[in-house]
>>> print(open('protein26.txt').read())   # compact mmCIF, C-alpha atoms
# COMPACT_ATOMS: atom_id res chain seq x y z
CA MET A 17 96.97 140.04 101.16
CA GLU A 18 94.52 142.90 101.69
CA LYS A 19 93.43 142.72 98.06
CA GLU A 20 92.75 139.00 98.37
CA ARG A 21 90.70 139.59 101.51
CA GLU A 22 88.65 142.25 99.71
CA THR A 23 88.00 139.83 96.85
CA LEU A 24 86.85 137.15 99.29
CA GLN A 25 84.51 139.62 100.98
CA VAL A 26 82.98 140.55 97.62
CA TRP A 27 82.31 136.90 96.86
CA LYS A 28 81.04 136.30 100.37
CA LYS A 29 78.49 139.07 99.87
CA ARG A 30 77.44 137.64 96.53
CA VAL A 31 77.03 134.14 97.97
CA GLU A 32 74.99 135.55 100.86
CA GLN A 33 72.66 137.31 98.42
CA GLU A 34 72.24 134.19 96.31
CA LEU A 35 71.59 132.09 99.41
CA ASP A 36 68.92 134.51 100.62
CA ARG A 37 67.27 134.47 97.21
CA VAL A 38 67.32 130.67 96.94
CA ILE A 39 65.96 130.06 100.44
CA ALA A 40 63.18 132.61 99.88
CA PHE A 41 62.20 130.74 96.69
CA TRP A 42 62.03 127.36 98.43
CA MET A 43 60.24 128.75 101.47
CA GLU A 44 57.56 130.25 99.22
CA HIS A 45 57.05 127.42 96.74
CA SER A 46 58.20 124.05 98.09
CA HIS A 47 56.20 123.51 101.29
CA ASP A 48 53.29 121.11 101.10
CA GLN A 49 50.87 122.56 103.64
CA GLU A 50 48.34 119.75 103.14
CA HIS A 51 50.42 116.57 103.51
CA GLY A 52 53.72 117.81 104.92
CA GLY A 53 57.16 117.49 103.41
CA PHE A 54 58.42 119.40 100.40
CA PHE A 55 57.81 119.66 96.69
CA THR A 56 61.18 119.45 94.95
CA CYS A 57 60.17 119.34 91.29
CA LEU A 58 59.72 123.07 90.71
CA GLY A 59 59.91 125.20 87.59
CA ARG A 60 61.77 128.50 87.51
CA ASP A 61 58.45 130.22 88.26
CA GLY A 62 57.96 128.06 91.36
CA LYS A 63 55.14 125.97 89.92
CA VAL A 64 55.16 122.29 90.90
CA TYR A 65 55.45 120.04 87.84
CA ASP A 66 55.63 116.73 89.72
CA HIS A 67 54.21 115.93 93.17
CA LEU A 68 56.46 112.93 93.82
CA LYS A 69 58.64 113.30 96.91
CA TYR A 70 62.17 111.89 96.83
CA VAL A 71 63.24 110.83 100.31
CA TRP A 72 66.86 111.92 99.93
CA LEU A 73 65.72 115.39 98.84
CA GLN A 74 63.28 115.60 101.76
CA GLY A 75 66.16 114.76 104.10
CA ARG A 76 68.49 117.23 102.44
CA GLN A 77 66.00 120.09 102.77
CA VAL A 78 65.40 119.34 106.46
CA TRP A 79 69.17 119.27 106.99
CA MET A 80 69.65 122.53 105.10
CA TYR A 81 66.96 124.41 107.01
CA CYS A 82 68.31 123.20 110.35
CA ARG A 83 71.93 123.95 109.48
CA LEU A 84 71.02 127.45 108.34
CA TYR A 85 68.97 127.99 111.49
CA ARG A 86 71.83 127.17 113.83
CA SER A 87 74.67 128.61 111.73
CA PHE A 88 73.45 132.08 110.68
CA GLU A 89 71.70 134.65 112.82
CA ARG A 90 69.59 135.95 109.93
CA PHE A 91 68.10 132.48 109.39
CA ARG A 92 67.18 131.97 113.04
CA ARG A 93 63.51 132.34 112.19
CA VAL A 94 60.58 130.41 113.61
CA GLU A 95 59.08 129.68 110.18
CA LEU A 96 62.32 128.04 109.01
CA LEU A 97 62.49 125.79 112.06
CA ASP A 98 58.79 124.94 111.82
CA ALA A 99 59.25 123.93 108.17
CA ALA A 100 62.23 121.75 109.06
CA ARG A 101 60.29 120.08 111.83
CA ALA A 102 57.31 119.46 109.52
CA GLY A 103 59.64 117.88 106.97
CA GLY A 104 61.20 115.71 109.64
CA GLU A 105 57.80 114.52 110.85
CA PHE A 106 56.86 113.62 107.27
CA LEU A 107 60.01 111.50 107.05
CA LEU A 108 59.28 109.83 110.39
CA ARG A 109 55.78 108.90 109.27
CA TYR A 110 56.43 107.76 105.73
CA ALA A 111 60.10 107.29 104.76
CA ARG A 112 60.50 103.72 105.98
CA VAL A 113 58.73 101.23 103.71
CA ALA A 114 57.83 98.61 106.33
CA PRO A 115 58.44 99.80 109.91
CA PRO A 116 60.01 98.73 112.20
CA GLY A 117 62.32 97.81 109.30
CA LYS A 118 64.83 100.52 108.42
CA LYS A 119 64.77 100.39 104.60
CA CYS A 120 63.56 103.71 103.25
CA ALA A 121 61.75 104.37 100.02
CA PHE A 122 63.51 106.21 97.25
CA VAL A 123 60.39 108.11 96.21
CA LEU A 124 56.95 108.63 97.76
CA THR A 125 53.62 109.93 96.54
CA ARG A 126 52.55 113.34 97.73
CA ASP A 127 50.66 111.77 100.65
CA GLY A 128 53.54 109.47 101.62
CA ARG A 129 52.84 106.14 99.90
CA PRO A 130 55.99 104.35 98.66
CA VAL A 131 56.52 104.33 94.90
CA LYS A 132 60.03 102.95 94.47
CA VAL A 133 62.81 101.47 96.57
CA GLN A 134 66.46 101.58 95.53
CA ARG A 135 68.96 98.95 96.61
CA THR A 136 71.31 101.56 98.01
CA ILE A 137 71.91 103.40 101.29
CA PHE A 138 71.42 106.98 100.14
CA SER A 139 67.83 107.62 101.23
CA GLU A 140 68.83 106.29 104.63
CA CYS A 141 71.94 108.50 104.76
CA PHE A 142 69.98 111.70 104.18
CA TYR A 143 67.33 110.52 106.63
CA THR A 144 70.09 110.17 109.24
CA MET A 145 71.53 113.61 108.51
CA ALA A 146 68.08 115.19 108.77
CA MET A 147 67.28 113.54 112.10
CA ASN A 148 70.64 114.46 113.62
CA GLU A 149 70.31 118.11 112.61
CA LEU A 150 66.76 118.25 113.96
CA TRP A 151 68.05 116.99 117.28
CA LYS A 152 70.77 119.63 117.31
CA VAL A 153 68.30 122.50 116.85
CA THR A 154 65.38 121.16 118.91
CA GLY A 155 67.08 119.07 121.60
CA GLU A 156 64.45 116.34 121.14
CA MET A 157 66.14 112.99 121.72
CA ARG A 158 63.68 111.05 119.57
CA TYR A 159 65.32 112.58 116.51
CA GLN A 160 68.80 111.59 117.67
CA SER A 161 67.59 108.08 118.51
CA GLU A 162 66.31 107.74 114.94
CA ALA A 163 69.63 108.97 113.57
CA MET A 164 71.71 106.59 115.65
CA GLU A 165 69.54 103.54 114.93
CA MET A 166 69.62 104.24 111.20
CA MET A 167 73.38 104.80 111.31
CA ASP A 168 73.87 101.39 112.92
CA GLN A 169 71.73 99.83 110.18
CA ILE A 170 73.66 101.56 107.39
CA ILE A 171 76.99 100.36 108.80
CA HIS A 172 75.62 96.81 109.01
CA TRP A 173 74.51 96.91 105.37
CA VAL A 174 77.81 98.32 104.13
CA ARG A 175 80.35 96.39 106.19
CA GLU A 176 78.61 93.20 107.28
CA ASP A 177 75.59 92.06 105.29
CA PRO A 178 73.96 93.90 102.35
CA ALA A 179 71.09 91.40 102.11
CA GLY A 180 68.67 93.86 103.69
CA LEU A 181 69.16 96.20 100.73
CA GLY A 182 67.63 93.57 98.44
CA ARG A 183 70.79 93.23 96.38
CA PRO A 184 71.63 89.54 95.85
CA GLN A 185 75.26 88.47 95.48
CA LEU A 186 75.45 87.14 91.92
CA SER A 187 78.28 84.79 90.97
CA GLY A 188 79.10 86.54 87.69
CA ALA A 189 79.01 90.10 88.96
CA LEU A 190 82.21 92.14 88.90
CA ALA A 191 83.62 93.11 92.30
CA THR A 192 83.21 96.87 91.94
CA GLU A 193 83.91 99.49 94.60
CA PRO A 194 81.71 102.60 94.21
CA MET A 195 83.14 105.77 95.71
CA ALA A 196 79.71 107.13 96.66
CA VAL A 197 79.26 104.68 99.54
CA PRO A 198 82.36 105.56 101.62
CA MET A 199 81.90 109.21 100.65
CA MET A 200 78.41 109.29 102.14
CA LEU A 201 79.47 107.30 105.19
CA LEU A 202 82.29 109.76 105.81
CA SER A 203 79.79 112.63 105.64
CA LEU A 204 77.73 110.87 108.31
CA VAL A 205 80.81 110.36 110.48
CA GLU A 206 81.49 114.09 110.27
CA GLN A 207 77.83 114.98 110.87
CA LEU A 208 77.29 112.77 113.90
CA GLY A 209 80.68 113.47 115.45
CA GLU A 210 80.44 117.26 115.26
CA GLU A 211 81.19 118.64 118.73
CA ASP A 212 80.55 115.19 120.20
CA GLU A 213 83.74 113.55 121.46
CA GLU A 214 82.03 110.27 122.34
CA LEU A 215 80.62 109.78 118.84
CA THR A 216 83.84 111.03 117.25
CA ASN A 217 85.71 108.26 119.04
CA LYS A 218 83.00 105.71 118.28
CA TYR A 219 83.21 106.32 114.53
CA ALA A 220 86.97 107.01 114.26
CA GLU A 221 87.77 103.59 112.80
CA LEU A 222 84.85 103.87 110.38
CA GLY A 223 86.12 107.25 109.22
CA ASP A 224 89.58 105.80 108.57
CA TRP A 225 88.00 102.95 106.62
CA CYS A 226 86.04 105.42 104.48
CA VAL A 227 89.11 107.51 103.71
CA HIS A 228 91.03 104.40 102.72
CA ARG A 229 88.28 103.28 100.35
CA ILE A 230 87.94 106.74 98.80
CA LEU A 231 91.69 107.08 98.22
CA GLN A 232 91.63 103.87 96.19
CA HIS A 233 89.85 105.89 93.51
CA VAL A 234 92.63 108.46 93.25
CA GLN A 235 94.38 108.07 89.91
CA VAL A 236 97.74 109.68 89.31
CA GLY A 237 99.42 109.46 85.91
CA THR A 238 97.27 106.58 84.65
CA THR A 239 94.32 106.13 82.34
CA GLN A 240 93.36 102.83 83.91
CA GLY A 241 90.68 102.21 86.50
CA PRO A 242 91.00 102.66 90.28
CA GLN A 243 93.47 100.37 91.95
CA GLU A 244 94.01 98.70 95.28
CA GLY A 245 97.45 97.32 96.06
CA GLY A 246 98.27 97.23 92.35
CA ALA A 247 95.11 95.33 91.40
CA GLN A 248 91.97 96.64 89.77
CA LEU A 249 89.08 97.28 92.13
CA ALA A 250 86.89 95.51 89.61
CA GLU A 251 87.95 92.35 87.85
CA GLY A 252 88.03 92.53 84.10
CA GLY A 253 90.61 95.25 83.55
CA ASN A 254 89.41 98.33 81.68
CA GLY A 255 85.93 97.10 80.86
CA CYS A 256 82.93 99.39 80.62
CA VAL A 257 81.95 98.82 84.25
CA LEU A 258 85.06 100.71 85.34
CA ARG A 259 84.34 103.49 82.88
CA GLN A 260 80.91 104.16 84.34
CA LYS A 261 82.31 106.60 86.89
CA ARG A 262 80.80 110.00 87.62
CA PRO A 263 83.31 111.96 89.70
CA GLU A 264 81.61 115.26 88.92
CA GLN A 265 78.45 114.04 90.66
CA GLN A 266 80.39 113.08 93.77
CA ALA A 267 82.09 116.47 93.82
CA HIS A 268 78.77 118.29 93.56
CA SER A 269 77.35 116.21 96.39
CA GLU A 270 80.04 117.53 98.71
CA LEU A 271 80.01 121.14 97.49
CA TRP A 272 76.40 121.72 98.60
CA LYS A 273 77.48 121.01 102.17
CA GLY A 274 80.98 122.47 102.14
CA GLY A 275 79.78 125.78 100.75
CA LEU A 276 77.86 126.57 103.93
CA ASP A 277 80.86 125.81 106.10
CA LEU A 278 82.99 128.13 103.98
CA CYS A 279 80.49 131.00 104.23
CA SER A 280 80.23 130.68 108.00
CA SER A 281 84.01 130.71 108.40
CA LEU A 282 84.72 133.88 106.42
>>> encode(input="protein26.txt", output="structure tokens")
Amino acid sequence: MEKERETLQVWKKRVEQELDRVIAFWMEHSHDQEHGGFFTCLGRDGKVYDHLKYVWLQGRQVWMYCRLYRSFERFRRVELLDAARAGGEFLLRYARVAPPGKKCAFVLTRDGRPVKVQRTIFSECFYTMAMNELWKVTGEMRYQSEAMEMMDQIIHWVREDPAGLGRPQLSGALATEPMAVPMMLLSLVEQLGEEDEELTNKYAELGDWCVHRILQHVQVGTTQGPQEGGAQLAEGGNGCVLRQKRPEQQAHSELWKGGLDLCSSL
């Protein structure tokens, strides 16, 4: 047991060193001092090769800075919090395409003009995570209000009416069930309910729903597509729609968040 603990400590040290190196790189090269927000298309030398700003990446960087700030003593630095706040303010000003509507752009120009909108919920999910984390480190209720209002909108799109996403219901479309949607919703349930009993209770049923939808994608001893009650989640058997699954992407999307929790627990 002692040997295993020593091995874990070695890896913990290595992860800490890599984290310090990565954050130093992004702090030095990714901040847009002129327009706010972050550059995310960087070469290995730190040079910006594209000034477009992807909303989900803006939200993820705000979340990461805030989570580091409140989770690790060595990251409790004013410059990290100031950068997170600047990123959050950029999102508040520009992320939503047509305020007071909630639909967020997928990508913006450097100065915040919308370039493209996707008919999904993912920009909005990372917007919500960013606002909630900003509230947790600053105590400013306007950030939490943004998070809660966007969460309500996301739930409405997913479980009641997706029309606001701009995705029409076509009569010939296969009834597919992407795993990414309940996976992201479950992340939001965890994020918003952290150390908040009232919100944990509020979203308990939603969390159960997400888990149920995710488990439908679990395949044991079969080469066929995901199933629900013995039936395919998408009509048409083993067509190419069912084969367009990217489980490795979903796994990576959770590892970026889970890794921090693991480091802080060792």
>>> atom_distance(input="protein26.txt", atom1="CA of Cys141 in chain A", atom2="CA of Arg83 in chain A")
16.2 Å
>>> closest_atom_pairs(input="protein26.txt", of="range 125-156 of chain A", to="range 42-55 of chain A", cutoff="12 Å", atoms="all atoms listed in the file", output="JSON lines")
{"residue": "A:Thr125", "atom": "CA", "partner": "A:His51", "partner_atom": "CA", "distance": 10.1}
{"residue": "A:Arg126", "atom": "CA", "partner": "A:His51", "partner_atom": "CA", "distance": 7.0}
{"residue": "A:Asp127", "atom": "CA", "partner": "A:His51", "partner_atom": "CA", "distance": 5.6}
{"residue": "A:Gly128", "atom": "CA", "partner": "A:His51", "partner_atom": "CA", "distance": 8.0}
{"residue": "A:Arg129", "atom": "CA", "partner": "A:His51", "partner_atom": "CA", "distance": 11.3}
>>> residues_around(input="protein26.txt", residues="Tyr70 in chain A", least_positions_apart="5", cutoff="7 Å", atoms="all atoms listed in the file", output="PyMOL selection string")
chain A and resi 122-124
>>> atom_distance(input="protein26.txt", atom1="CA of Lys118 in chain A", atom2="CA of Arg86 in chain A")
28.1 Å
>>> closest_residue(input="protein26.txt", among="A:Gln33, A:Tyr159, A:Tyr110, A:Phe41", to="Leu58 in chain A", atoms="only C-alpha atoms")
A:Phe41
>>> residues_around(input="protein26.txt", residues="Glu156 in chain A", least_positions_apart="6", cutoff="10 Å", atoms="only C-alpha atoms", output="number ranges by chain")
A: 147-148, 150
>>> atom_distance(input="protein26.txt", atom1="CA of Gln185 in chain A", atom2="CA of Gln169 in chain A")
18.9 Å
>>> closest_residue(input="protein26.txt", among="A:Arg60, A:Lys119, A:Arg112, A:Lys218", to="Ala179 in chain A", atoms="all atoms listed in the file")
A:Lys119
>>> closest_residue(input="protein26.txt", among="A:Ile170, A:Leu97, A:Val227, A:Ala121", to="Thr144 in chain A", atoms="all atoms listed in the file")
A:Ile170
>>> residues_around(input="protein26.txt", residues="Gly75 in chain A", least_positions_apart="3", cutoff="7 Å", atoms="all atoms listed in the file", output="count of residues only")
7
>>> closest_residue(input="protein26.txt", among="A:Lys132, A:Arg90, A:Arg76, A:Arg109", to="Asp36 in chain A", atoms="all atoms listed in the file")
A:Arg90
>>> residues_near_point(input="protein26.txt", point="(76.3, 104.9, 116.0)", cutoff="8 Å", atoms="all atoms listed in the file", output="short mmCIF file (atom, residue, chain, number, x, y, z; two decimals) with C-alpha atoms, in the frame of the given file")
data_model
loop_
_atom_site.label_atom_id
_atom_site.label_comp_id
_atom_site.auth_asym_id
_atom_site.auth_seq_id
_atom_site.Cartn_x
_atom_site.Cartn_y
_atom_site.Cartn_z
CA MET A 164 71.71 106.59 115.65
CA GLU A 165 69.54 103.54 114.93
CA MET A 167 73.38 104.80 111.31
CA ASP A 168 73.87 101.39 112.92
CA LEU A 215 80.62 109.78 118.84
CA LYS A 218 83.00 105.71 118.28
CA TYR A 219 83.21 106.32 114.53
#
